[in-house]
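Shown next: work-v3.txt, containing compact mmCIF, C-alpha atoms.
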```
# COMPACT_ATOMS: atom_id res chain seq x y z
CA MET R 1 118.84 90.44 100.78
CA LYS R 2 117.51 92.82 103.43
CA LYS R 3 114.17 94.52 102.79
CA ILE R 4 113.30 98.11 103.59
CA ASP R 5 110.40 98.58 106.01
CA VAL R 6 108.03 101.50 105.47
CA VAL R 7 106.06 103.74 107.81
CA LEU R 8 103.43 106.07 106.37
CA GLY R 9 100.17 107.83 107.13
CA MET R 10 96.82 106.22 106.35
CA GLN R 11 94.70 109.40 106.47
CA TRP R 12 95.12 113.07 105.45
CA GLY R 13 98.47 113.54 107.21
CA ASP R 14 99.19 114.60 110.81
CA GLU R 15 98.72 111.02 112.03
CA GLY R 16 101.77 111.12 114.31
CA LYS R 17 104.45 109.62 112.06
CA GLY R 18 107.29 111.47 113.81
CA LYS R 19 106.61 109.82 117.16
CA VAL R 20 106.19 106.38 115.61
CA VAL R 21 109.45 106.59 113.67
CA ASP R 22 111.18 107.67 116.88
CA VAL R 23 109.68 104.66 118.69
CA LEU R 24 110.66 102.27 115.88
CA THR R 25 114.16 103.60 115.14
CA PRO R 26 116.03 101.64 117.84
CA GLY R 27 115.54 98.65 115.53
CA TYR R 28 116.92 100.42 112.46
CA GLU R 29 120.33 101.71 111.45
CA VAL R 30 119.03 103.94 108.63
CA VAL R 31 115.93 106.16 108.34
CA ALA R 32 115.15 107.59 104.88
CA ARG R 33 112.61 110.22 103.79
CA PHE R 34 111.29 109.37 100.32
CA GLN R 35 108.89 112.17 99.31
CA GLY R 36 107.37 115.51 100.21
CA GLY R 37 109.02 118.65 101.44
CA PRO R 38 108.93 121.14 104.32
CA ASN R 39 105.12 121.22 104.18
CA ALA R 40 105.42 118.15 106.41
CA GLY R 41 105.88 118.58 110.15
CA HIS R 42 106.84 115.53 112.19
CA THR R 43 106.56 116.25 115.92
CA LEU R 44 108.60 114.29 118.47
CA ILE R 45 108.32 114.68 122.25
CA PHE R 46 110.71 113.00 124.69
CA ASP R 47 112.53 113.85 127.90
CA GLY R 48 110.21 116.85 128.26
CA ASP R 49 111.38 118.47 125.01
CA LYS R 50 109.43 118.99 121.79
CA TYR R 51 111.01 118.90 118.33
CA VAL R 52 109.37 119.49 114.94
CA LEU R 53 111.18 118.13 111.89
CA HIS R 54 110.27 119.35 108.40
CA THR R 55 112.90 117.83 106.12
CA ILE R 56 115.31 115.83 108.27
CA PRO R 57 114.28 112.19 108.93
CA SER R 58 113.00 111.41 112.42
CA GLY R 59 115.87 109.01 113.18
CA ILE R 60 118.26 111.93 113.66
CA PHE R 61 118.00 111.69 117.48
CA ARG R 62 119.36 108.14 117.56
CA ASP R 63 123.11 107.76 118.10
CA GLY R 64 124.89 105.95 115.31
CA SER R 65 122.01 106.27 112.86
CA THR R 66 122.22 107.35 109.22
CA ASN R 67 119.43 109.64 107.97
CA VAL R 68 118.84 109.89 104.22
CA ILE R 69 116.95 112.68 102.45
CA GLY R 70 115.98 110.81 99.30
CA ASN R 71 115.65 111.87 95.68
CA GLY R 72 111.85 112.09 95.96
CA VAL R 73 112.07 114.91 98.52
CA VAL R 74 112.06 118.61 97.59
CA ILE R 75 114.33 120.76 99.75
CA ASP R 76 114.19 124.41 100.76
CA PRO R 77 117.80 125.21 101.80
CA VAL R 78 116.62 127.97 104.17
CA ILE R 79 114.33 125.64 106.10
CA LEU R 80 116.87 122.80 106.13
CA ALA R 81 119.66 125.07 107.40
CA GLY R 82 117.38 126.47 110.10
CA GLU R 83 116.37 122.98 111.16
CA ILE R 84 120.01 121.88 111.43
CA ALA R 85 120.88 124.99 113.47
CA LYS R 86 117.99 124.42 115.94
CA LEU R 87 118.94 120.80 116.47
CA GLU R 88 122.60 121.64 116.97
CA THR R 89 121.67 124.36 119.46
CA ALA R 90 119.70 121.70 121.36
CA GLY R 91 122.83 119.52 121.46
CA VAL R 92 121.81 117.08 118.73
CA GLU R 93 124.62 115.88 116.45
CA VAL R 94 123.31 116.26 112.89
CA ARG R 95 125.99 116.53 110.23
CA SER R 96 127.68 113.18 110.81
CA LYS R 97 124.31 111.41 110.61
CA LEU R 98 122.68 113.21 107.66
CA VAL R 99 123.16 112.51 103.94
CA VAL R 100 121.30 114.08 101.02
CA SER R 101 120.52 112.66 97.58
CA LYS R 102 122.07 114.58 94.71
CA ARG R 103 118.87 113.89 92.77
CA ALA R 104 116.58 115.69 95.25
CA HIS R 105 115.10 118.89 93.82
CA LEU R 106 115.57 122.37 95.27
CA ILE R 107 112.76 124.76 96.16
CA LEU R 108 113.75 128.21 94.89
CA PRO R 109 112.53 131.50 96.42
CA THR R 110 110.55 132.06 93.22
CA HIS R 111 108.85 128.67 93.65
CA ARG R 112 107.40 130.01 96.90
CA MET R 113 106.19 133.14 95.11
CA LEU R 114 104.56 131.08 92.35
CA ASP R 115 102.81 129.00 95.00
CA ALA R 116 101.44 132.11 96.73
CA ALA R 117 100.41 133.79 93.46
CA SER R 118 98.63 130.68 92.18
CA GLU R 119 96.78 130.11 95.45
CA ALA R 120 95.70 133.78 95.66
CA ALA R 121 94.40 133.66 92.08
CA LYS R 122 92.19 130.64 92.88
CA GLY R 123 90.16 132.65 95.40
CA ALA R 124 87.40 130.58 96.96
CA SER R 125 88.53 127.44 95.10
CA LYS R 126 92.03 127.44 96.63
CA ILE R 127 93.38 124.00 97.60
CA GLY R 128 94.82 124.98 100.99
CA SER R 129 98.50 125.00 100.04
CA THR R 130 101.06 125.57 102.81
CA LEU R 131 102.69 128.09 100.42
CA LYS R 132 106.10 126.46 100.80
CA GLY R 133 106.64 126.17 97.03
CA ILE R 134 106.15 122.39 96.95
CA GLY R 135 103.72 122.19 94.02
CA PRO R 136 105.67 124.51 91.67
CA THR R 137 108.90 122.60 92.46
CA TYR R 138 107.34 119.26 91.55
CA MET R 139 105.91 120.90 88.41
CA ASP R 140 109.42 121.95 87.39
CA LYS R 141 110.66 118.44 88.18
CA THR R 142 108.13 116.76 85.89
CA GLY R 143 108.51 119.58 83.35
CA ARG R 144 112.27 118.85 83.26
CA ASN R 145 113.25 122.34 84.34
CA GLY R 146 114.22 121.65 87.95
CA LEU R 147 117.38 122.47 89.87
CA ARG R 148 118.78 119.55 91.87
CA VAL R 149 121.04 119.23 94.88
CA GLY R 150 123.83 117.83 92.71
CA ASP R 151 123.79 121.06 90.69
CA ILE R 152 125.06 123.11 93.64
CA VAL R 153 128.59 121.74 93.23
CA SER R 154 128.66 122.45 89.49
CA PRO R 155 130.66 125.45 88.20
CA HIS R 156 127.49 126.32 86.23
CA PHE R 157 125.22 126.46 89.30
CA MET R 158 124.60 130.23 89.32
CA GLU R 159 123.93 130.19 85.59
CA ARG R 160 121.35 127.40 86.03
CA TYR R 161 119.81 129.16 89.02
CA GLY R 162 119.53 132.43 87.10
CA ALA R 163 117.87 130.76 84.11
CA LEU R 164 115.19 129.09 86.25
CA LYS R 165 114.62 132.25 88.29
CA HIS R 166 114.19 134.22 85.02
CA LYS R 167 111.63 131.70 83.80
CA HIS R 168 109.70 132.03 87.07
CA GLU R 169 109.76 135.82 86.90
CA GLY R 170 108.12 135.59 83.50
CA LEU R 171 105.36 133.42 84.94
CA LEU R 172 104.88 135.72 87.92
CA SER R 173 104.46 138.72 85.64
CA GLN R 174 101.20 137.17 84.44
CA TYR R 175 99.70 137.66 87.91
CA LYS R 176 99.07 141.38 87.47
CA ASP R 177 97.98 142.13 91.04
CA PHE R 178 100.62 140.02 92.77
CA LYS R 179 103.53 141.95 94.29
CA TYR R 180 106.62 140.25 95.68
CA ASP R 181 110.20 140.85 96.77
CA ILE R 182 112.53 137.88 97.19
CA ALA R 183 115.78 139.77 97.87
CA GLU R 184 115.93 139.03 101.60
CA TYR R 185 114.82 135.41 101.27
CA GLU R 186 117.17 134.87 98.34
CA ALA R 187 120.13 135.99 100.48
CA GLU R 188 119.11 133.47 103.16
CA TRP R 189 118.63 130.86 100.44
CA MET R 190 122.22 131.26 99.25
CA LYS R 191 123.42 130.79 102.85
CA GLY R 192 121.31 127.63 102.95
CA ILE R 193 123.03 126.44 99.78
CA ALA R 194 126.37 126.84 101.58
CA THR R 195 125.03 124.67 104.43
CA LEU R 196 123.89 122.04 101.90
CA ARG R 197 127.37 121.99 100.33
CA SER R 198 128.84 121.20 103.76
CA LEU R 199 126.78 117.99 104.01
CA ARG R 200 127.58 114.65 102.41
CA LEU R 201 125.80 114.54 99.06
CA ILE R 202 125.29 111.05 97.71
CA GLU R 203 124.00 108.94 94.83
CA SER R 204 121.30 107.73 97.22
CA GLU R 205 119.89 104.99 94.99
CA VAL R 206 123.34 103.36 94.81
CA GLU R 207 124.10 103.71 98.53
CA VAL R 208 120.62 102.67 99.71
CA ASN R 209 120.70 99.46 97.67
CA ALA R 210 124.29 98.74 98.71
CA MET R 211 123.32 99.08 102.38
CA LEU R 212 120.37 96.71 101.91
CA ASP R 213 122.69 94.24 100.18
CA ARG R 214 124.94 94.36 103.25
CA GLY R 215 121.97 93.57 105.51
CA VAL R 216 121.56 97.05 107.01
CA LYS R 217 118.15 97.53 108.66
CA MET R 218 116.41 100.48 107.02
CA LEU R 219 113.13 102.33 107.57
CA ALA R 220 111.51 104.52 104.91
CA GLU R 221 109.59 107.46 106.38
CA GLY R 222 106.66 108.99 104.51
CA ALA R 223 105.26 112.49 104.81
CA GLN R 224 101.65 113.75 104.59
CA GLY R 225 99.15 110.88 104.26
CA SER R 226 97.76 108.31 101.84
CA MET R 227 94.57 110.28 101.17
CA LEU R 228 96.73 113.18 99.93
CA ASP R 229 98.41 111.06 97.24
CA VAL R 230 98.56 112.89 93.91
CA ASP R 231 96.95 109.94 92.05
CA PHE R 232 94.71 108.22 94.60
CA GLY R 233 93.90 110.95 97.12
CA THR R 234 91.00 113.42 97.15
CA TYR R 235 92.20 115.17 93.99
CA PRO R 236 92.73 118.09 93.40
CA PHE R 237 92.95 118.68 97.17
CA VAL R 238 96.13 116.63 97.44
CA THR R 239 99.88 117.06 97.71
CA SER R 240 102.18 116.90 94.67
CA SER R 241 103.97 113.62 95.39
CA THR R 242 103.28 109.90 95.73
CA THR R 243 102.53 109.45 99.43
CA LEU R 244 101.71 105.75 99.09
CA CYS R 245 104.14 102.85 99.60
CA ALA R 246 104.84 102.93 95.85
CA GLY R 247 106.58 106.27 96.44
CA VAL R 248 109.37 104.45 98.28
CA CYS R 249 110.42 102.79 95.02
CA THR R 250 110.58 106.05 93.05
CA GLY R 251 111.65 108.26 95.96
CA LEU R 252 114.63 106.15 97.04
CA GLY R 253 115.37 104.05 93.98
CA VAL R 254 114.52 100.62 95.37
CA ALA R 255 112.71 97.80 93.58
CA PRO R 256 109.21 96.68 94.69
CA ARG R 257 110.55 93.28 95.83
CA ARG R 258 112.72 95.10 98.38
CA ILE R 259 109.68 96.36 100.35
CA GLY R 260 109.27 94.59 103.71
CA GLU R 261 106.85 95.48 106.51
CA VAL R 262 104.47 98.37 105.78
CA TYR R 263 103.41 100.16 108.97
CA GLY R 264 100.24 102.21 108.46
CA ILE R 265 99.60 104.96 111.02
CA PHE R 266 96.11 106.24 111.73
CA LYS R 267 94.40 108.27 114.42
CA ALA R 268 91.50 106.80 116.41
CA TYR R 269 89.50 109.58 114.71
CA CYS R 270 90.21 111.68 111.57
CA THR R 271 91.67 115.13 110.94
CA ARG R 272 92.39 117.23 107.90
CA VAL R 273 94.12 120.60 107.37
CA GLY R 274 93.11 122.93 104.56
CA SER R 275 90.47 122.48 101.90
CA GLY R 276 89.08 119.29 100.40
CA PRO R 277 86.55 116.52 100.99
CA PHE R 278 86.19 115.15 104.52
CA PRO R 279 83.04 112.96 104.74
CA THR R 280 83.06 112.48 108.54
CA GLU R 281 83.91 116.08 109.48
CA LEU R 282 82.18 117.32 112.63
CA PHE R 283 80.98 120.89 113.13
CA ASP R 284 79.57 120.33 116.62
CA ASP R 285 80.88 120.14 120.19
CA ASP R 286 82.32 116.67 119.56
CA GLY R 287 84.54 118.02 116.78
CA GLN R 288 85.71 120.93 118.93
CA LYS R 289 86.38 118.56 121.83
CA MET R 290 88.62 116.41 119.60
CA ARG R 291 90.46 119.54 118.47
CA ASP R 292 91.02 120.85 121.98
CA VAL R 293 91.91 117.58 123.71
CA GLY R 294 94.04 116.39 120.79
CA ALA R 295 95.78 119.79 120.31
CA GLU R 296 94.81 119.58 116.66
CA TYR R 297 96.70 122.52 115.21
CA GLY R 298 99.18 122.14 112.36
CA SER R 299 102.83 121.68 113.43
CA THR R 300 103.96 123.49 110.26
CA THR R 301 101.14 126.00 109.65
CA GLY R 302 99.50 126.35 113.07
CA ARG R 303 96.13 126.07 111.32
CA PRO R 304 93.26 124.45 113.28
CA ARG R 305 92.70 120.95 111.96
CA ARG R 306 89.25 119.84 110.89
CA CYS R 307 88.14 116.90 113.04
CA GLY R 308 85.73 113.99 112.56
CA TRP R 309 85.01 110.36 113.33
CA LEU R 310 87.15 107.51 112.02
CA ASP R 311 86.41 106.81 108.34
CA MET R 312 86.75 103.05 107.78
CA VAL R 313 85.93 103.38 104.06
CA ALA R 314 88.99 105.59 103.58
CA LEU R 315 91.14 103.52 105.98
CA LYS R 316 90.38 100.23 104.20
CA TYR R 317 91.16 101.95 100.88
CA ALA R 318 94.54 103.14 102.21
CA VAL R 319 95.33 99.67 103.58
CA MET R 320 94.58 98.17 100.15
CA MET R 321 96.64 100.73 98.21
CA ASN R 322 99.68 100.44 100.49
CA GLY R 323 99.72 96.71 101.13
CA THR R 324 99.76 97.58 104.84
CA THR R 325 100.99 94.71 107.02
CA LYS R 326 100.70 96.32 110.48
CA LEU R 327 98.50 99.17 111.73
CA ILE R 328 99.49 101.69 114.39
CA MET R 329 96.74 103.57 116.22
CA MET R 330 97.46 107.05 117.53
CA LYS R 331 95.58 109.28 119.97
CA GLY R 332 93.13 106.75 121.35
CA ASP R 333 93.43 108.75 124.59
CA VAL R 334 91.78 111.78 122.93
CA LEU R 335 88.50 109.83 122.91
CA ASN R 336 88.66 109.03 126.66
CA ASP R 337 85.66 111.16 127.61
CA PHE R 338 83.18 110.32 124.84
CA ASP R 339 80.06 108.38 125.80
CA THR R 340 79.64 107.08 122.26
CA ILE R 341 82.28 106.53 119.57
CA ARG R 342 81.14 106.51 115.95
CA VAL R 343 82.84 104.94 112.93
CA CYS R 344 81.89 105.55 109.29
CA VAL R 345 81.32 102.17 107.62
CA GLY R 346 79.81 103.37 104.33
CA TYR R 347 78.87 106.38 102.20
CA LYS R 348 75.29 107.08 101.17
CA VAL R 349 75.15 108.81 97.78
CA GLY R 350 71.56 109.36 96.74
CA SER R 351 69.81 106.01 97.15
CA GLU R 352 73.06 104.05 96.85
CA GLU R 353 75.29 102.98 99.71
CA LEU R 354 78.99 102.61 98.91
CA THR R 355 81.51 100.64 100.93
CA TYR R 356 84.45 101.60 98.69
CA PHE R 357 86.19 104.95 98.23
CA PRO R 358 84.74 106.58 95.09
CA PHE R 359 86.21 108.81 92.38
CA GLU R 360 84.08 111.75 93.50
CA THR R 361 83.88 112.70 97.18
CA ASN R 362 81.79 115.80 97.70
CA GLU R 363 79.00 117.26 99.80
CA ASP R 364 76.52 114.71 98.36
CA ILE R 365 78.05 112.00 100.57
CA THR R 366 76.30 111.14 103.82
CA PRO R 367 78.36 108.89 106.11
CA VAL R 368 76.76 105.71 107.45
CA TYR R 369 77.85 105.16 111.05
CA LYS R 370 78.33 102.22 113.40
CA GLU R 371 78.32 103.12 117.10
CA PHE R 372 80.51 101.83 119.93
CA ALA R 373 80.32 102.42 123.66
CA GLY R 374 82.99 104.83 124.91
CA TRP R 375 85.47 103.66 127.54
CA ARG R 376 85.05 106.74 129.76
CA THR R 377 88.40 106.27 131.48
CA ASP R 378 91.90 107.68 131.10
CA ILE R 379 94.02 105.17 129.15
CA GLY R 380 97.13 107.40 129.18
CA GLY R 381 98.84 105.31 131.84
CA VAL R 382 98.19 101.93 130.18
CA ARG R 383 101.32 100.06 129.02
CA LYS R 384 99.91 96.56 128.37
CA TRP R 385 97.11 95.44 126.05
CA GLU R 386 95.56 93.41 128.86
CA ASP R 387 95.06 96.59 130.92
CA PHE R 388 92.91 98.46 128.40
CA PRO R 389 89.17 98.72 129.22
CA ALA R 390 86.95 96.23 127.40
CA GLU R 391 85.23 98.97 125.37
CA PHE R 392 88.57 100.17 123.98
CA LYS R 393 89.59 96.61 123.08
CA THR R 394 86.27 96.15 121.26
CA TYR R 395 86.97 99.29 119.22
CA VAL R 396 90.48 98.16 118.27
CA GLU R 397 89.39 94.60 117.47
CA TYR R 398 86.65 95.92 115.17
CA ILE R 399 89.26 97.90 113.20
CA GLU R 400 91.42 94.79 112.90
CA GLN R 401 88.49 92.71 111.69
CA ALA R 402 87.34 95.35 109.19
CA THR R 403 90.80 95.91 107.67
CA GLY R 404 92.20 92.40 108.04
CA VAL R 405 95.39 93.92 109.49
CA PRO R 406 96.59 93.70 113.12
CA VAL R 407 96.93 96.86 115.22
CA SER R 408 100.45 96.20 116.50
CA ILE R 409 101.22 99.51 118.25
CA ILE R 410 98.87 101.78 120.20
CA SER R 411 99.87 105.29 121.25
CA VAL R 412 98.19 106.69 124.37
CA GLY R 413 100.03 110.03 124.62
CA PRO R 414 102.61 112.24 122.87
CA ASP R 415 105.74 111.02 124.69
CA ARG R 416 107.74 108.10 123.29
CA GLU R 417 107.13 106.22 126.59
CA GLU R 418 103.34 106.46 126.19
CA THR R 419 103.23 103.56 123.78
CA VAL R 420 101.83 100.01 123.93
CA ILE R 421 103.54 97.47 121.66
CA ARG R 422 101.51 94.28 121.22
```

Encoded form using structure tokens:
Amino acid sequence: MKKIDVVLGMQWGDEGKGKVVDVLTPGYEVVARFQGGPNAGHTLIFDGDKYVLHTIPSGIFRDGSTNVIGNGVVIDPVILAGEIAKLETAGVEVRSKLVVSKRAHLILPTHRMLDAASEAAKGASKIGSTLKGIGPTYMDKTGRNGLRVGDIVSPHFMERYGALKHKHEGLLSQYKDFKYDIAEYEAEWMKGIATLRSLRLIESEVEVNAMLDRGVKMLAEGAQGSMLDVDFGTYPFVTSSTTLCAGVCTGLGVAPRRIGEVYGIFKAYCTRVGSGPFPTELFDDDGQKMRDVGAEYGSTTGRPRRCGWLDMVALKYAVMMNGTTKLIMMKGDVLNDFDTIRVCVGYKVGSEELTYFPFETNEDITPVYKEFAGWRTDIGGVRKWEDFPAEFKTYVEYIEQATGVPVSIISVGPDREETVIR
């Protein structure tokens, strides 16, 4: 029995999962997305071209691959159709390599309006939603009201769509000051539905397990990051799905014993987009330097990312929750010009020092730091572990010792070639 390997983010998203999946995919025949929606943006750079994927798995660029959008994903047909069109314009063959679970839920135009209305009503306490309708769609899923991909081939599709739209309009009417018009987007949405109908729609849980039974090598691709998990993240400033390894089981329909290697991706520092706790956030020149050198602006939203030092308390927590077997460090090159590198090894709350990730993470937390000497050299051209400066090796080896997990891949730049595999 073949096991499915997993690659996911260890922090608050934006760790660089798209590049890593692209680097790993030569060893896999199938890449499957298991959760999240178009609020994710996986950026891939190769041969001088940049691509940003929001719904389609990152294996789509590999010839002969199969790319599965699993049942745990929520799909906006407008965004998916636009993504397919852009890739095809760039000469990428998509349709023969892409399959979609019939059980995946659809994001309606009114879901987007509900997202915007809810976020506007929160005022200063808003959670930093990308306003893509993700949360309201997952709410309808768990509330047993959702519209699924398999419904689009039913003769009753328009009736089901109209009923859910009517329900949403009733909810929107409660936001007295919120004005909206979905006519234009709805027309595009229906065109997107036509694109979806042209794809191969599958019982993904049956086909995924059958492929594993046949020995097909498969990689599950997560979106967002572990610290945004709806149960174990910095609630309520989280996403609406299970971003941890456990989400593979529910998002693709595979049993826990089928999970193989778990690749955990983290940056050499930390970033976060939107609101929510961020204990190591920097508001000084160091934080701005990370943002500028690392081009830390959201691939989906364009929002500046908040930047801070590596948080080992959160990283060890994510390793524990995911059963991570191999770590992958991204963007070590962004720290090339720092004299001193700091790592948070504990949280001081009042007179108590915590070394575990607590239920409450707020402004009362003061990070406890350990300092390392910076390497003060450009590591972008390094392709072998032996060639890294001693200070960089010390930094990596500390992370391995603290987590108990080897750092098996190190990224030193955005291109797929700028990668060191140990």

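Going from CA of His166 (chain R) over to CA of Val230 (chain R), you cover 27.9 Å.
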
Considering all atoms listed in the file, return as a ChimeraX atom specification whatever protein or nucleic-acid residues lie within 8 Å of region 144-148 of chain R, sequence-local ones (same chain, fewer than 5 positions apart) excluded.
/R:102-106,137,160-161,164

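Residue nearest Glu207 (chain R), chosen from R:Val74, R:Val100, R:Met320, R:Ala268 and counting only C-alpha atoms: R:Val100.
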
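Atom pair CA of Cys270 (chain R) / CA of Glu391 (chain R): separated by 19.4 Å.
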
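Residue nearest Leu212 (chain R) within the list R:Arg33, R:Lys384, R:Lys122, R:Lys3: R:Lys3 [criterion: smallest interatomic distance, all atoms listed in the file].
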
Counting all atoms listed in the file, what are the residues of region 23-89 of chain R within 12 Å of region 290-309 of chain R, and for each of them which pair of atoms is the nearest and at what distance in Å, to one decimal? Sort the table by chain and rising number, as JSON lines.
```
{"residue": "R:Gly37", "atom": "CA", "partner": "R:Thr300", "partner_atom": "CA", "distance": 11.3}
{"residue": "R:Pro38", "atom": "CA", "partner": "R:Thr300", "partner_atom": "CA", "distance": 8.1}
{"residue": "R:Asn39", "atom": "CA", "partner": "R:Thr300", "partner_atom": "CA", "distance": 6.6}
{"residue": "R:Ala40", "atom": "CA", "partner": "R:Thr300", "partner_atom": "CA", "distance": 6.7}
{"residue": "R:Gly41", "atom": "CA", "partner": "R:Thr300", "partner_atom": "CA", "distance": 5.3}
{"residue": "R:His42", "atom": "CA", "partner": "R:Ser299", "partner_atom": "CA", "distance": 7.4}
{"residue": "R:Thr43", "atom": "CA", "partner": "R:Ser299", "partner_atom": "CA", "distance": 7.0}
{"residue": "R:Leu44", "atom": "CA", "partner": "R:Ser299", "partner_atom": "CA", "distance": 10.6}
{"residue": "R:Lys50", "atom": "CA", "partner": "R:Ser299", "partner_atom": "CA", "distance": 11.0}
{"residue": "R:Tyr51", "atom": "CA", "partner": "R:Ser299", "partner_atom": "CA", "distance": 9.9}
{"residue": "R:Val52", "atom": "CA", "partner": "R:Ser299", "partner_atom": "CA", "distance": 7.1}
{"residue": "R:Leu53", "atom": "CA", "partner": "R:Thr300", "partner_atom": "CA", "distance": 9.1}
{"residue": "R:His54", "atom": "CA", "partner": "R:Thr300", "partner_atom": "CA", "distance": 7.8}
{"residue": "R:Thr55", "atom": "CA", "partner": "R:Thr300", "partner_atom": "CA", "distance": 11.4}
{"residue": "R:Ile79", "atom": "CA", "partner": "R:Thr300", "partner_atom": "CA", "distance": 11.4}
```

Find the residues around Gly215 (chain R) up to 12 Å (all atoms listed in the file counted), leave out those fewer than 4 positions away in its own chain, and share them as an mmCIF file with C-alpha atoms, keeping the file's coordinate frame.
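Result file follows (result-v4.cif):
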```
data_model
loop_
_atom_site.group_PDB
_atom_site.id
_atom_site.type_symbol
_atom_site.label_atom_id
_atom_site.label_comp_id
_atom_site.auth_asym_id
_atom_site.auth_seq_id
_atom_site.Cartn_x
_atom_site.Cartn_y
_atom_site.Cartn_z
ATOM 1 C CA MET R 1 118.840 90.440 100.780
ATOM 2 C CA LYS R 2 117.510 92.820 103.430
ATOM 3 C CA LYS R 3 114.170 94.520 102.790
ATOM 4 C CA ILE R 4 113.300 98.110 103.590
ATOM 5 C CA TYR R 28 116.920 100.420 112.460
ATOM 6 C CA GLU R 29 120.330 101.710 111.450
ATOM 7 C CA VAL R 30 119.030 103.940 108.630
ATOM 8 C CA VAL R 208 120.620 102.670 99.710
ATOM 9 C CA ASN R 209 120.700 99.460 97.670
ATOM 10 C CA ALA R 210 124.290 98.740 98.710
ATOM 11 C CA MET R 211 123.320 99.080 102.380
ATOM 12 C CA ARG R 258 112.720 95.100 98.380
#
```

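Closest to Trp385 (chain R) among R:Tyr369, R:Val206, R:Ile421, R:Asp213 is R:Ile421, based on all atoms listed in the file.
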
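Pairwise distance (CA of Leu335 (chain R), CA of Pro57 (chain R)) equals 29.4 Å.
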
Find the axis-aligned box for region 178-184 of chain R, covering all its listed atoms and adding 3 Å on each side, and write its centre and edge lengths in Å to one decimal as lines of an AutoDock Vina configuration file.
```
center_x = 108.3
center_y = 139.9
center_z = 97.2
size_x = 21.3
size_y = 10.1
size_z = 14.8
```

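For the residues R:Gly133, R:Pro77, R:Gly162, R:Pro367, ranking by smallest atom-to-atom distance to Gly36 (chain R) using all atoms listed in the file places R:Gly133 first.
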
Using only C-alpha atoms, list the residues that have an atom at most 10 Å from (100.4, 95.8, 100.0), coordinates as in the file, as a PyMOL selection string.
chain R and resi 245-246+259-262+318-325

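Proximity to Val254 (chain R) was assessed for R:Asp181, R:Glu397, R:Asp5, R:Glu83 counting all atoms listed in the file; the smallest distance is recorded for R:Asp5.
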
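For Asp22 (chain R), the residues within 10 Å (counting only C-alpha atoms, excluding itself and residues fewer than 2 positions away along the chain) are R:Lys17, R:Gly18, R:Lys19, R:Val20, R:Leu24, R:Thr25, R:Pro26, R:Val31, R:Thr43, R:Leu44, R:Ile45, R:Phe46, R:Pro57, R:Ser58, R:Gly59, R:Ile60, R:Phe61, R:Arg62, R:Arg416.
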
Quick one: of R:Ile365, R:Lys316, R:Val349, R:Ile341, who's nearest to Thr280 (chain R), counting all atoms listed in the file?
R:Ile365
